[in-house]
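Working notes for the structure below.
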Amino acid sequence: MAAEPPRLGGSGAGPGRAGKGSPSPHGGGRRWGTAAMGEALQERRGASLLPKSCCSHQGIPSSLAECKKTLTTTTPAASIAQAFFCLLLCVPWGSSCPPSCQCTERAGAKAVLCSSRHLEEIPKDIPRDAVFLKLDANSITRIPSNAFRHLSHLEELDLSRNAIEKIDQAAFRGVAAGLRTLDLSSNRIRSIPKEALLALNAKLRLANNPWHCECALQEVLWEARLDPDSVQDITCHTAPREEYVGKSLLQVLDAGVNFCSVHQRTTDVAMFITMFGWFAMVIVYIICYVRHNREDTCKHVDYLRPLPSTQLHAETTSTAL
């Protein structure tokens, strides 16, 4: 009679008792992890498919170099199966590091370092569990919509010393709640949609940009959380009046200037001129219409005026005959 094959949880695991690393049928037991699966496969009698050196006992994948070394020392018959299980269980799926970046840990959290890598756009394959992301000192020119939407754990984002000129309104959608620090200093930003920043709870650094001082930037300064150490370096590169150019935006506002009221007055004047133009066009149209009808009326009267005398002359001639 053939012997019953051993179960993955060990030879002593019965139907009512979960073996080592086996999950509870009701979800209360420990879930399967990479280390648990590796150990379970090792404990099978006569199985040599997966060497324990491929995956650590703590569930943390060991380096691929160790896996490769293990595979080269095994027999050819088992190398294919071992390679499959090593790739399946040991490779950290979904957390691979972009080729132009370096991934490390900082205070137990994942940090992705992409500084000074000559990047022209934001990498697409940033790990989802990234908490710190440094993209400073590159050549990025634009932050598109939903650029960081998949990074729900992101807390610090450094985009300083780039060539950013345009930031879309939904650029930071998906990270607004958890982001604590956002550095946009030393770029080429002239204006920015206030909706992109006012939705953030992060501390902002906006210094050393060629800002155009206007109402939107003033509202950002009033409502956003700006880094107090860098707010003095937000200067007006261009402004509605030449006297504000080169001055700190905070200094200009402290002097009593209100760019939003200037913007409102400009809008009111533009609306008044537009309404006056439409009103003038209506008056001109009415005058032309009246004159045209008047001329037609005069022509019609001139046409009808000789008709009675001609008819009378015809009646007199017929009576004489």
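Note on naming: chains are A, B, ... as they come in the structure tokens, residues start from 1 per chain, ligands start from 1 in the order shown.
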When DSSP works through the backbone of this structure, what residues of stretch 96-321 of chain A end up as strand (DSSP E or B), shown as a PyMOL selection string? chain A and resi 102-106+109-113+130-134+142-143+156-158+166-167+181-183+203-205+211-212+226+235-238+248
What lies within 7 Å of stretch 130-143 of chain A using only C-alpha atoms, ignoring chain neighbours under 2 positions off, as a PDB file with C-alpha atoms, in the first residue's frame?
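That gives us around-v3.pdb:
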ATOM      1  CA  ALA A 109      11.231  53.697   5.188  1.00  0.00           C
ATOM      2  CA  LYS A 110      12.098  53.391   1.517  1.00  0.00           C
ATOM      3  CA  ALA A 111      14.010  56.288   0.002  1.00  0.00           C
ATOM      4  CA  VAL A 112      14.415  56.623  -3.762  1.00  0.00           C
ATOM      5  CA  LEU A 113      17.397  58.797  -4.696  1.00  0.00           C
ATOM      6  CA  CYS A 114      17.432  60.104  -8.267  1.00  0.00           C
ATOM      7  CA  SER A 115      19.545  63.223  -7.763  1.00  0.00           C
ATOM      8  CA  SER A 116      21.847  64.493 -10.539  1.00  0.00           C
ATOM      9  CA  ARG A 117      20.936  61.755 -13.027  1.00  0.00           C
ATOM     10  CA  HIS A 118      20.234  64.011 -16.034  1.00  0.00           C
ATOM     11  CA  LEU A 119      16.549  63.064 -15.993  1.00  0.00           C
ATOM     12  CA  GLU A 120      14.269  65.007 -18.322  1.00  0.00           C
ATOM     13  CA  GLU A 121      11.013  63.603 -16.968  1.00  0.00           C
ATOM     14  CA  PRO A 127       8.341  51.900  -6.205  1.00  0.00           C
ATOM     15  CA  ARG A 128       4.870  52.240  -4.751  1.00  0.00           C
ATOM     16  CA  SER A 145      -1.172  65.405 -14.058  1.00  0.00           C
ATOM     17  CA  ALA A 147       2.632  62.152 -11.876  1.00  0.00           C
ATOM     18  CA  LEU A 151       2.820  56.844  -4.475  1.00  0.00           C
ATOM     19  CA  HIS A 153       3.039  56.545   1.031  1.00  0.00           C
ATOM     20  CA  LEU A 154       5.067  59.526  -0.198  1.00  0.00           C
ATOM     21  CA  GLU A 155       5.929  62.055   2.512  1.00  0.00           C
ATOM     22  CA  GLU A 156       8.886  64.062   1.181  1.00  0.00           C
ATOM     23  CA  LEU A 157       9.374  65.139  -2.435  1.00  0.00           C
ATOM     24  CA  ASP A 158      12.382  67.129  -3.615  1.00  0.00           C
ATOM     25  CA  LEU A 159      12.123  68.668  -7.101  1.00  0.00           C
ATOM     26  CA  SER A 160      14.546  71.531  -6.545  1.00  0.00           C
ATOM     27  CA  ARG A 161      17.248  72.637  -9.006  1.00  0.00           C
ATOM     28  CA  ASN A 162      15.476  71.438 -12.123  1.00  0.00           C
ATOM     29  CA  ALA A 163      14.182  73.341 -15.157  1.00  0.00           C
ATOM     30  CA  ILE A 164      10.483  73.081 -14.299  1.00  0.00           C
ATOM     31  CA  GLU A 165       8.362  75.637 -16.154  1.00  0.00           C
ATOM     32  CA  LYS A 166       4.891  74.083 -16.093  1.00  0.00           C
ATOM     33  CA  ILE A 167       2.967  72.337 -13.333  1.00  0.00           C
ATOM     34  CA  ASP A 168      -0.415  70.863 -14.193  1.00  0.00           C
ATOM     35  CA  ALA A 171       0.129  67.253 -10.698  1.00  0.00           C
TER      36      ALA A 171
END
Atom CA of A:Val220 sits from atom CA of A:Gln232 at a separation of 14.2 Å
From the list A:Thr238, A:Gln218, A:Gln251, A:Asn209, which residue is nearest A:Asp183 when using only C-alpha atoms?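 Among the listed residues, the smallest separation from A:Asp183 belongs to A:Asn209.
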Tell me, counting only C-alpha atoms, for each residue of stretch 124-191 of chain A within 12 Å of stretch 223-228 of chain A, which pair of atoms is nearest and how far apart they are in Å to one decimal, in rows ordered by chain and increasing number, as CSV.
residue,atom,partner,partner_atom,distance
A:Leu179,CA,A:Arg225,CA,11.9
A:Arg180,CA,A:Arg225,CA,10.0
A:Thr181,CA,A:Asp227,CA,9.1
A:Leu182,CA,A:Asp227,CA,9.6
A:Asp183,CA,A:Asp227,CA,9.4
A:Leu184,CA,A:Leu226,CA,11.2
A:Ser185,CA,A:Asp227,CA,10.9
Contacts of A:Leu250 within 8 Å, only C-alpha atoms, excl. fewer than 2 positions in-chain, as an NGL selection string: :A and (231-232 or 234 or 248 or 252-254)
Given the selection you just returned, output its residues as a file containing all heavy atoms, formatted as a PDB file, in the first residue's frame.
ATOM      1  N   VAL A 231      10.605  81.843   2.557  1.00  0.00           N
ATOM      2  CA  VAL A 231       9.557  82.712   2.030  1.00  0.00           C
ATOM      3  C   VAL A 231      10.115  84.078   1.619  1.00  0.00           C
ATOM      4  O   VAL A 231       9.588  84.729   0.698  1.00  0.00           O
ATOM      5  CB  VAL A 231       8.429  82.859   3.082  1.00  0.00           C
ATOM      6  CG1 VAL A 231       8.919  83.636   4.299  1.00  0.00           C
ATOM      7  CG2 VAL A 231       7.211  83.526   2.478  1.00  0.00           C
ATOM      8  N   GLN A 232      11.178  84.521   2.263  1.00  0.00           N
ATOM      9  CA  GLN A 232      11.769  85.815   1.904  1.00  0.00           C
ATOM     10  C   GLN A 232      12.429  85.783   0.535  1.00  0.00           C
ATOM     11  O   GLN A 232      12.646  86.834  -0.083  1.00  0.00           O
ATOM     12  CB  GLN A 232      12.799  86.241   2.962  1.00  0.00           C
ATOM     13  CG  GLN A 232      12.201  86.645   4.301  1.00  0.00           C
ATOM     14  CD  GLN A 232      11.488  87.980   4.249  1.00  0.00           C
ATOM     15  OE1 GLN A 232      11.620  88.724   3.275  1.00  0.00           O
ATOM     16  NE2 GLN A 232      10.725  88.300   5.287  1.00  0.00           N
ATOM     17  N   ILE A 234      11.162  84.473  -2.171  1.00  0.00           N
ATOM     18  CA  ILE A 234      10.175  84.505  -3.264  1.00  0.00           C
ATOM     19  C   ILE A 234      10.106  85.932  -3.771  1.00  0.00           C
ATOM     20  O   ILE A 234       9.486  86.810  -3.157  1.00  0.00           O
ATOM     21  CB  ILE A 234       8.795  84.025  -2.777  1.00  0.00           C
ATOM     22  CG1 ILE A 234       8.884  82.609  -2.202  1.00  0.00           C
ATOM     23  CG2 ILE A 234       7.783  84.062  -3.919  1.00  0.00           C
ATOM     24  CD1 ILE A 234       7.577  82.103  -1.625  1.00  0.00           C
ATOM     25  N   SER A 248      11.054  91.341  -2.848  1.00  0.00           N
ATOM     26  CA  SER A 248      10.425  90.178  -2.247  1.00  0.00           C
ATOM     27  C   SER A 248       8.908  90.342  -2.279  1.00  0.00           C
ATOM     28  O   SER A 248       8.391  91.435  -2.003  1.00  0.00           O
ATOM     29  CB  SER A 248      10.910  90.005  -0.810  1.00  0.00           C
ATOM     30  OG  SER A 248      10.128  89.045  -0.130  1.00  0.00           O
ATOM     31  N   VAL A 252       6.506  93.386  -0.797  1.00  0.00           N
ATOM     32  CA  VAL A 252       5.540  94.150  -1.594  1.00  0.00           C
ATOM     33  C   VAL A 252       4.154  94.102  -0.945  1.00  0.00           C
ATOM     34  O   VAL A 252       3.456  95.119  -0.849  1.00  0.00           O
ATOM     35  CB  VAL A 252       5.485  93.598  -3.033  1.00  0.00           C
ATOM     36  CG1 VAL A 252       4.368  94.260  -3.830  1.00  0.00           C
ATOM     37  CG2 VAL A 252       6.823  93.824  -3.730  1.00  0.00           C
ATOM     38  N   LEU A 253       3.769  92.931  -0.472  1.00  0.00           N
ATOM     39  CA  LEU A 253       2.451  92.792   0.151  1.00  0.00           C
ATOM     40  C   LEU A 253       2.396  93.532   1.485  1.00  0.00           C
ATOM     41  O   LEU A 253       1.346  94.085   1.850  1.00  0.00           O
ATOM     42  CB  LEU A 253       2.114  91.315   0.344  1.00  0.00           C
ATOM     43  CG  LEU A 253       1.969  90.489  -0.941  1.00  0.00           C
ATOM     44  CD1 LEU A 253       1.661  89.033  -0.603  1.00  0.00           C
ATOM     45  CD2 LEU A 253       0.875  91.059  -1.836  1.00  0.00           C
ATOM     46  N   ASP A 254       3.491  93.554   2.211  1.00  0.00           N
ATOM     47  CA  ASP A 254       3.530  94.283   3.480  1.00  0.00           C
ATOM     48  C   ASP A 254       3.393  95.786   3.262  1.00  0.00           C
ATOM     49  O   ASP A 254       2.949  96.508   4.168  1.00  0.00           O
ATOM     50  CB  ASP A 254       4.837  93.992   4.224  1.00  0.00           C
ATOM     51  CG  ASP A 254       4.855  92.596   4.831  1.00  0.00           C
ATOM     52  OD1 ASP A 254       3.763  92.001   4.961  1.00  0.00           O
ATOM     53  OD2 ASP A 254       5.951  92.086   5.142  1.00  0.00           O
TER      54      ASP A 254
END
Write out as a short mmCIF file (atom, residue, chain, number, x, y, z; two decimals) with all heavy atoms, in the first residue's frame each polymer residue whose atoms come within 7 Å of A:Ser230, counting only C-alpha atoms; drop sequence neighbours fewer than 3 positions from it.
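Full text of selection-v9.cif as output:
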data_model
loop_
_atom_site.label_atom_id
_atom_site.label_comp_id
_atom_site.auth_asym_id
_atom_site.auth_seq_id
_atom_site.Cartn_x
_atom_site.Cartn_y
_atom_site.Cartn_z
N ARG A 205 8.46 74.87 -0.44
CA ARG A 205 9.61 75.73 -0.70
C ARG A 205 9.53 76.19 -2.16
O ARG A 205 9.65 75.37 -3.07
CB ARG A 205 10.92 74.97 -0.44
CG ARG A 205 11.11 74.54 1.01
CD ARG A 205 12.51 73.99 1.25
NE ARG A 205 12.67 73.53 2.62
CZ ARG A 205 12.58 72.26 3.00
NH1 ARG A 205 12.33 71.32 2.09
NH2 ARG A 205 12.72 71.93 4.27
N ALA A 207 11.23 79.20 -3.31
CA ALA A 207 12.20 80.27 -3.51
C ALA A 207 12.99 80.10 -4.80
O ALA A 207 13.05 79.02 -5.39
CB ALA A 207 13.15 80.32 -2.31
N ASP A 227 7.48 77.33 3.75
CA ASP A 227 8.62 77.18 4.64
C ASP A 227 9.07 78.58 5.08
O ASP A 227 9.46 79.40 4.25
CB ASP A 227 9.75 76.46 3.92
CG ASP A 227 10.96 76.22 4.81
OD1 ASP A 227 10.80 76.33 6.04
OD2 ASP A 227 12.05 75.95 4.28
N ASP A 233 12.75 84.59 0.04
CA ASP A 233 13.43 84.47 -1.25
C ASP A 233 12.45 84.31 -2.42
O ASP A 233 12.88 84.05 -3.55
CB ASP A 233 14.38 83.27 -1.23
CG ASP A 233 15.52 83.48 -0.24
OD1 ASP A 233 15.95 84.63 -0.08
OD2 ASP A 233 15.96 82.49 0.38
#
Shortest interatomic distance to A:Gly178 - which of A:Leu200, A:Cys103, A:Gly108, A:Glu219, counting only C-alpha atoms: A:Leu200
Option closest in space to A:Ser96, from A:His237, A:Arg190, A:Lys124, A:Lys247 [counting only C-alpha atoms]: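 Between A:His237, A:Arg190, A:Lys124, A:Lys247, the residue approaching A:Ser96 most closely is A:Lys124.
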Quick one, how far is atom CA of A:Phe172 from atom CA of A:Pro210?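 Answer for the atom CA of A:Phe172 to atom CA of A:Pro210 separation: 21.4 Å.
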Tell me, in Å to one decimal, how far atom CA of A:Glu243 is from atom CA of A:Leu198.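 Pair atom CA of A:Glu243 / atom CA of A:Leu198 returns 28.3 Å.
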Write down as a VMD selection string the residues of stretch 186-279 of chain A whose backbone DSSP state falls under helix (DSSP H, G or I). chain A and resid 194 to 198 215 to 223 231 to 233 242 to 244 249 to 254 259 to 279
